[in-house]
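J.: Sharing structure-v9.txt, compact mmCIF, C-alpha atoms:
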```txt
# COMPACT_ATOMS: atom_id res chain seq x y z
CA MET A 1 0.35 13.83 8.40
CA THR A 2 0.21 11.64 11.50
CA THR A 3 -2.53 9.64 13.08
CA GLY A 4 -4.18 11.10 16.13
CA ALA A 5 -5.22 9.31 19.25
CA GLY A 6 -8.43 7.37 18.96
CA ASP A 7 -10.44 7.64 15.78
CA ASN A 8 -11.39 10.74 13.82
CA THR A 9 -13.27 11.04 10.55
CA ILE A 10 -13.03 13.55 7.73
CA VAL A 11 -15.95 13.38 5.33
CA SER A 12 -15.21 13.06 1.61
CA PRO A 13 -17.51 12.74 -1.41
CA VAL A 14 -16.44 9.14 -2.06
CA HIS A 15 -19.16 6.60 -1.31
CA THR A 16 -19.13 2.82 -1.70
CA LYS A 17 -22.39 0.81 -1.70
CA ARG A 18 -22.36 -2.80 -0.52
CA PRO A 19 -24.54 -5.09 1.63
CA PRO A 20 -24.60 -4.39 5.39
CA ASN A 21 -21.57 -5.78 7.27
CA ALA A 22 -19.96 -6.99 4.03
CA PRO A 23 -16.28 -6.14 3.46
CA PRO A 24 -15.25 -4.07 0.43
CA SER A 25 -14.84 -6.24 -2.62
CA TYR A 26 -11.37 -4.86 -3.40
CA ILE A 27 -9.05 -3.67 -0.63
CA VAL A 28 -5.49 -2.41 -1.05
CA VAL A 29 -2.94 -2.03 1.74
CA GLU A 30 -0.19 0.52 1.20
CA GLY A 31 2.72 2.11 3.03
CA PRO A 32 6.52 2.46 2.90
CA ILE A 33 8.89 -0.47 2.83
CA GLY A 34 8.98 -2.39 6.11
CA VAL A 35 5.67 -1.09 7.44
CA GLY A 36 3.93 -4.47 7.22
CA LYS A 37 1.56 -4.09 4.29
CA THR A 38 2.06 -7.62 2.95
CA SER A 39 1.60 -9.16 6.40
CA LEU A 40 -1.62 -7.22 6.91
CA ALA A 41 -2.88 -8.05 3.42
CA ARG A 42 -2.40 -11.75 4.17
CA ARG A 43 -4.27 -11.48 7.48
CA LEU A 44 -7.16 -9.58 5.92
CA ALA A 45 -7.44 -12.06 3.06
CA GLU A 46 -7.70 -14.85 5.64
CA ALA A 47 -10.24 -12.94 7.73
CA PHE A 48 -12.52 -12.14 4.79
CA GLY A 49 -11.93 -15.31 2.76
CA SER A 50 -10.59 -13.11 -0.04
CA GLU A 51 -8.27 -13.76 -2.92
CA LEU A 52 -4.78 -12.43 -2.11
CA VAL A 53 -2.99 -10.31 -4.73
CA LEU A 54 0.66 -9.66 -3.88
CA GLU A 55 3.38 -7.85 -5.73
CA HIS A 56 6.50 -9.95 -6.36
CA PRO A 57 9.64 -7.87 -5.81
CA GLU A 58 11.81 -10.98 -5.97
CA GLU A 59 10.96 -11.22 -9.70
CA ASN A 60 12.42 -7.77 -10.46
CA PRO A 61 15.94 -8.42 -11.84
CA PHE A 62 16.97 -4.80 -11.24
CA LEU A 63 15.95 -4.45 -7.60
CA ASP A 64 19.16 -5.55 -5.86
CA ARG A 65 21.19 -3.33 -8.20
CA PHE A 66 18.81 -0.46 -7.55
CA TYR A 67 19.55 -0.44 -3.83
CA SER A 68 23.29 -0.36 -4.48
CA ALA A 69 23.12 2.27 -7.26
CA ARG A 70 19.70 3.93 -7.18
CA ARG A 71 20.17 6.60 -9.82
CA ARG A 72 21.62 4.16 -12.34
CA TYR A 73 18.91 1.50 -12.02
CA ALA A 74 15.88 3.52 -10.96
CA LEU A 75 14.20 3.67 -14.38
CA PRO A 76 14.35 -0.06 -15.29
CA THR A 77 13.37 -0.98 -11.74
CA GLN A 78 10.37 1.33 -11.83
CA LEU A 79 9.23 0.26 -15.29
CA PHE A 80 9.48 -3.43 -14.37
CA PHE A 81 7.23 -2.90 -11.36
CA LEU A 82 4.78 -0.83 -13.41
CA PHE A 83 4.41 -3.55 -16.06
CA GLN A 84 4.26 -6.32 -13.44
CA ARG A 85 1.53 -4.62 -11.39
CA SER A 86 -0.51 -3.59 -14.40
CA ARG A 87 -0.47 -7.19 -15.70
CA GLN A 88 -1.70 -8.45 -12.33
CA LEU A 89 -4.56 -5.96 -12.25
CA GLN A 90 -5.48 -6.59 -15.87
CA ALA A 91 -5.80 -10.28 -15.00
CA LEU A 92 -8.21 -9.36 -12.20
CA LYS A 93 -10.41 -7.47 -14.64
CA GLN A 94 -10.64 -10.44 -16.95
CA ARG A 95 -11.82 -12.89 -14.29
CA ASP A 96 -15.39 -13.83 -13.47
CA MET A 97 -17.31 -10.86 -12.03
CA PHE A 98 -18.63 -13.18 -9.32
CA ALA A 99 -15.12 -14.06 -8.11
CA PRO A 100 -14.45 -13.65 -4.37
CA SER A 101 -13.34 -10.37 -2.86
CA ARG A 102 -9.69 -9.41 -3.17
CA VAL A 103 -6.98 -7.92 -0.97
CA ALA A 104 -3.79 -6.53 -2.54
CA ASP A 105 -0.58 -5.15 -1.07
CA PHE A 106 -0.10 -2.47 -3.71
CA LEU A 107 -1.96 0.45 -5.24
CA LEU A 108 -1.02 1.03 -8.87
CA GLN A 109 -2.25 4.62 -8.76
CA LYS A 110 0.48 5.30 -6.17
CA ASP A 111 3.24 4.08 -8.49
CA THR A 112 4.26 7.59 -9.50
CA LEU A 113 5.24 8.29 -5.88
CA PHE A 114 8.36 6.13 -6.15
CA ALA A 115 9.05 7.37 -9.66
CA ARG A 116 9.05 11.00 -8.54
CA VAL A 117 11.42 10.21 -5.65
CA ASN A 118 13.89 8.14 -7.69
CA LEU A 119 13.88 9.36 -11.29
CA GLU A 120 15.57 12.30 -12.95
CA ASP A 121 13.21 14.75 -14.66
CA ASP A 122 13.69 13.36 -18.19
CA GLU A 123 13.33 9.79 -16.93
CA PHE A 124 10.19 10.71 -15.06
CA ARG A 125 8.64 12.21 -18.21
CA LEU A 126 9.34 8.96 -20.07
CA TYR A 127 7.96 6.88 -17.21
CA ARG A 128 4.87 9.07 -17.03
CA GLN A 129 4.09 8.49 -20.70
CA VAL A 130 4.08 4.74 -20.10
CA TYR A 131 2.08 5.07 -16.90
CA ASP A 132 -0.58 7.21 -18.57
CA GLN A 133 -1.11 4.49 -21.17
CA LEU A 134 -1.66 1.79 -18.54
CA ALA A 135 -3.22 3.28 -15.41
CA PRO A 136 -6.56 4.63 -16.70
CA ASP A 137 -7.77 1.13 -17.54
CA MET A 138 -6.92 -0.37 -14.16
CA PRO A 139 -9.48 -1.19 -11.42
CA VAL A 140 -9.79 1.21 -8.49
CA PRO A 141 -10.08 -0.25 -4.96
CA ASP A 142 -13.19 0.07 -2.83
CA LEU A 143 -11.00 0.81 0.20
CA ALA A 144 -7.39 1.90 0.62
CA ILE A 145 -5.53 1.25 3.86
CA TYR A 146 -2.45 3.40 4.46
CA LEU A 147 0.00 2.14 7.10
CA GLN A 148 2.25 4.71 8.76
CA ALA A 149 5.37 4.21 10.90
CA PRO A 150 8.44 6.32 11.71
CA VAL A 151 11.77 5.59 10.07
CA GLU A 152 13.19 3.99 13.23
CA VAL A 153 10.42 1.38 13.22
CA LEU A 154 10.84 0.73 9.49
CA ARG A 155 14.59 0.19 9.89
CA GLU A 156 14.03 -2.26 12.73
CA ARG A 157 11.52 -4.29 10.74
CA ILE A 158 13.65 -4.27 7.60
CA ALA A 159 16.64 -5.54 9.59
CA ARG A 160 14.50 -8.22 11.24
CA ARG A 161 13.33 -9.74 7.97
CA GLY A 162 16.92 -9.99 6.72
CA VAL A 163 16.56 -9.41 2.96
CA GLU A 164 20.14 -8.96 1.79
CA TYR A 165 19.71 -6.11 -0.68
CA GLU A 166 17.57 -4.13 1.77
CA LYS A 167 20.48 -3.84 4.21
CA SER A 168 21.92 -0.98 2.16
CA ILE A 169 18.82 1.22 2.43
CA GLU A 170 19.85 4.51 4.05
CA PRO A 171 17.73 6.23 6.73
CA GLU A 172 17.64 9.35 4.55
CA TYR A 173 16.05 7.42 1.70
CA LEU A 174 13.48 5.88 4.03
CA GLN A 175 12.62 9.36 5.27
CA GLN A 176 12.12 10.49 1.67
CA LEU A 177 9.67 7.64 1.15
CA VAL A 178 7.82 8.34 4.39
CA ASP A 179 7.44 12.00 3.40
CA ALA A 180 6.30 11.06 -0.11
CA TYR A 181 3.65 8.68 1.24
CA THR A 182 2.47 11.34 3.69
CA ASN A 183 2.06 13.89 0.91
CA TYR A 184 0.37 11.42 -1.43
CA PHE A 185 -2.26 10.21 1.00
CA HIS A 186 -2.81 13.70 2.39
CA ARG A 187 -4.30 14.53 -1.01
CA TYR A 188 -5.87 11.13 -1.68
CA THR A 189 -9.64 11.27 -2.33
CA GLU A 190 -10.24 8.53 -4.93
CA THR A 191 -11.66 5.98 -2.48
CA PRO A 192 -12.51 5.60 1.20
CA LEU A 193 -9.27 5.62 3.19
CA LEU A 194 -8.15 4.18 6.53
CA ILE A 195 -4.93 5.69 7.92
CA ILE A 196 -3.31 3.45 10.54
CA ASN A 197 -0.40 4.01 12.91
CA ALA A 198 1.25 0.65 12.28
CA ALA A 199 3.95 1.27 14.89
CA GLU A 200 1.45 0.81 17.70
CA ILE A 201 -0.69 -2.05 16.41
CA ASN A 202 0.22 -5.73 15.96
CA PHE A 203 -2.18 -7.25 13.43
CA VAL A 204 -0.09 -10.40 12.93
CA GLU A 205 0.23 -11.65 16.51
CA VAL A 206 -2.62 -9.92 18.38
CA GLU A 207 -6.05 -11.22 17.34
CA GLY A 208 -7.78 -8.37 19.15
CA ASP A 209 -6.00 -5.78 17.03
CA LEU A 210 -6.92 -7.64 13.84
CA ASN A 211 -10.54 -8.17 14.87
CA THR A 212 -10.98 -4.50 15.74
CA LEU A 213 -9.65 -3.52 12.34
CA VAL A 214 -11.84 -6.07 10.54
CA ASP A 215 -14.91 -4.60 12.24
CA ARG A 216 -13.85 -1.12 11.24
CA ILE A 217 -13.31 -2.13 7.63
CA ARG A 218 -16.80 -3.63 7.46
CA ALA A 219 -18.25 -0.37 8.79
CA THR A 220 -16.28 1.97 6.51
CA ARG A 221 -18.37 3.19 3.58
CA SER A 222 -16.89 6.57 2.74
CA GLY A 223 -14.54 9.25 3.92
CA ARG A 224 -11.09 9.46 5.46
CA HIS A 225 -10.60 7.74 8.81
CA TYR A 226 -7.76 7.68 11.35
CA PHE A 227 -7.58 4.32 13.06
CA ASN A 228 -5.35 4.03 16.12
CA PRO A 229 -6.76 1.88 18.93
CA LEU A 230 -4.56 1.06 21.88
CA SER A 231 -2.60 -2.13 21.25
CA THR A 232 -2.14 -4.81 23.87
CA VAL A 233 1.53 -5.10 22.87
```
Kindly present the structure from the file in C-alpha cells form.
T.:
Amino acid sequence: MTTGAGDNTIVSPVHTKRPPNAPPSYIVVEGPIGVGKTSLARRLAEAFGSELVLEHPEENPFLDRFYSARRRYALPTQLFFLFQRSRQLQALKQRDMFAPSRVADFLLQKDTLFARVNLEDDEFRLYRQVYDQLAPDMPVPDLAIYLQAPVEVLRERIARRGVEYEKSIEPEYLQQLVDAYTNYFHRYTETPLLIINAAEINFVEVEGDLNTLVDRIRATRSGRHYFNPLSTV
C-alpha cells in the first residue's frame, strides 16, 4: 500500500467523539525503523501540549546482539519490548482520568508484526501466549498515524543518526519490515488512521508541514485517510 497524491478518504465504522477542534486524547505514531516516528511524536506532543510516551530501546539489553544475530536473540528481544511497552501503557491507565492528552511512538497492538517477522514458529507460539495475556487490557489509541518511506530513505536516515548497532541492518531486513507494516495497516480498522508518506514531508524542520498535519489531526474523527501534501523541502 502506498500513499496517493493529495488526500483520499476511505470510510470505516470507527468513530471518535470529542469537542470540536480538539485533538485526540491518545495518539500513536508508528512506522518502520528510521521513518521518523519518535521525531514526529515529539513535535505533536509540543504542538498539542500533550504528555509524551516514548519507547526506550536503549534499555533493551538484547537489542545490539539481536542486530548481529537476529535468530538467536529475537525471542528475548521481543519479550523485553513487550513487557516494557505493556508496563508503560498500564501506568497510563492508572493515572488521573483528567490527565493531559498523550502522544506515543509505539502501538502495542502492532507488536506481533515484529514477532512474526523475526521468530521461529514455536517461538512465535510462546510469544503469542504472553501477548494474549497482556494486550487485551491495554488502552487503544483514538488515532493511529502510520508513517511510510521506501527502504532507501530509511537507510539514509538510519545512517545519519549513527546508532552503532543499527549499522548492521541489512536492506533485505528493512524491506521485510516495510512489507510487514504495509500488510498490517492495510487491514487495520481498530481506530481512525492517517497514512503519511514520510519521505516527502519534513515535520521537524518545516513548520508549514507540521501545522498542516496538526490541522488534519484535529479534523480527523473516523476512517482511513491518506495524507500527502506537497512539502516545501
J.: Rank nothing, just name the residue among A:Lys110, A:Arg160, A:Arg42, A:Arg116 nearest to Leu82 of chain A, using all atoms listed in the file.
T.: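 Ranked by minimum distance to Leu82 of chain A, first place goes to A:Lys110.
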J.: So how many Å separate atom CA of Leu194 of chain A and atom CA of Glu51 of chain A, to one decimal?
T.: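 Interatomic distance, atom CA of Leu194 of chain A to atom CA of Glu51 of chain A: 20.3 Å.
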J.: Residues near segment 27-29 of chain A, anyone? I mean within 8 Å using all atoms listed in the file, not counting same-chain ones fewer than 6 positions away, as a VMD selection string.
T.: chain A and resid 37 to 38 40 to 41 102 to 107 141 to 147
J.: I'd like to know which of A:Asp179, A:Glu156, A:Glu205, A:Glu166 is closest to Pro57 of chain A, using all atoms listed in the file.
T.: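 Under the stated criterion, the closest residue is A:Glu166.
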J.: I'd like to know which of A:Gln78, A:Arg187, A:Val204, A:Pro171 is closest to Leu119 of chain A, using all atoms listed in the file.
T.: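 For Leu119 of chain A, the nearest of the given residues is A:Gln78.
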J.: Considering all atoms listed in the file, can you say which of A:Leu44, A:Leu154, A:Asp122, A:Ala69 comes closest to Glu207 of chain A?
T.: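 Going through A:Leu44, A:Leu154, A:Asp122, A:Ala69 one by one, the smallest distance to Glu207 of chain A is for A:Leu44.
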J.: Pick the closest to Glu120 of chain A from A:Leu75, A:Asn202, A:Asn183, A:Gly223: which is it, counting all atoms listed in the file?
T.: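 Of A:Leu75, A:Asn202, A:Asn183, A:Gly223, the one nearest Glu120 of chain A is A:Leu75, counting all atoms listed in the file.
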J.: Which of these, A:Gly208, A:Gly34, A:Pro20, A:Pro139, has the shortest distance to Arg87 of chain A once you count all atoms listed in the file?
T.: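 Checking each candidate against Arg87 of chain A, we get A:Pro139 as the closest.
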J.: State, in Å with one decimal place, the distance from atom CA of Tyr184 of chain A to atom CA of Leu79 of chain A.
T.: 19.9 Å
J.: Rounded to one decimal, what separation in Å do you get between atom CA of Asp215 of chain A and atom CA of Ser50 of chain A?
T.: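 Interatomic distance, atom CA of Asp215 of chain A to atom CA of Ser50 of chain A: 15.6 Å.
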J.: Would you list the contacts of Phe62 of chain A as a list in words, taking every protein, DNA or RNA residue within 8 Å and counting all atoms listed in the file, but skipping same-chain residues closer than 3 positions in sequence?
T.: Arg65, Phe66, Tyr73, Pro76 and Thr77 of chain A
J.: Leaving out Val130 of chain A and any residue of its chain fewer than 2 positions from it, which residues lie within 12 Å of it when counting all atoms listed in the file, given as a JSON list (two decimals) with C-alpha atoms, keeping the file's coordinate frame?
T.:
```
[["chain", "number", "residue", "atom", "x", "y", "z"],
["A", 75, "LEU", "CA", 14.20, 3.67, -14.38],
["A", 78, "GLN", "CA", 10.37, 1.33, -11.83],
["A", 79, "LEU", "CA", 9.23, 0.26, -15.29],
["A", 80, "PHE", "CA", 9.48, -3.43, -14.37],
["A", 82, "LEU", "CA", 4.78, -0.83, -13.41],
["A", 83, "PHE", "CA", 4.41, -3.55, -16.06],
["A", 86, "SER", "CA", -0.51, -3.59, -14.40],
["A", 111, "ASP", "CA", 3.24, 4.08, -8.49],
["A", 112, "THR", "CA", 4.26, 7.59, -9.50],
["A", 115, "ALA", "CA", 9.05, 7.37, -9.66],
["A", 123, "GLU", "CA", 13.33, 9.79, -16.93],
["A", 124, "PHE", "CA", 10.19, 10.71, -15.06],
["A", 125, "ARG", "CA", 8.64, 12.21, -18.21],
["A", 126, "LEU", "CA", 9.34, 8.96, -20.07],
["A", 127, "TYR", "CA", 7.96, 6.88, -17.21],
["A", 128, "ARG", "CA", 4.87, 9.07, -17.03],
["A", 132, "ASP", "CA", -0.58, 7.21, -18.57],
["A", 133, "GLN", "CA", -1.11, 4.49, -21.17],
["A", 134, "LEU", "CA", -1.66, 1.79, -18.54],
["A", 135, "ALA", "CA", -3.22, 3.28, -15.41],
["A", 136, "PRO", "CA", -6.56, 4.63, -16.70]]
```
J.: Counting only C-alpha atoms, what is within 9 Å of Ile169 of chain A, bar same-chain residues fewer than 5 positions away, as a list in words?
T.: Tyr67, Ser68, Arg155 and Leu174 of chain A
J.: Give me the box for segment 86-90 of chain A as JSON, namely the centre and edge lengths in Å to one decimal of a box along x, y and z that holds every listed atom plus 8 Å on each side.
T.:
```
{"center_x": -3.0, "center_y": -6.0, "center_z": -14.1, "size_x": 21.0, "size_y": 20.9, "size_z": 19.6}
```
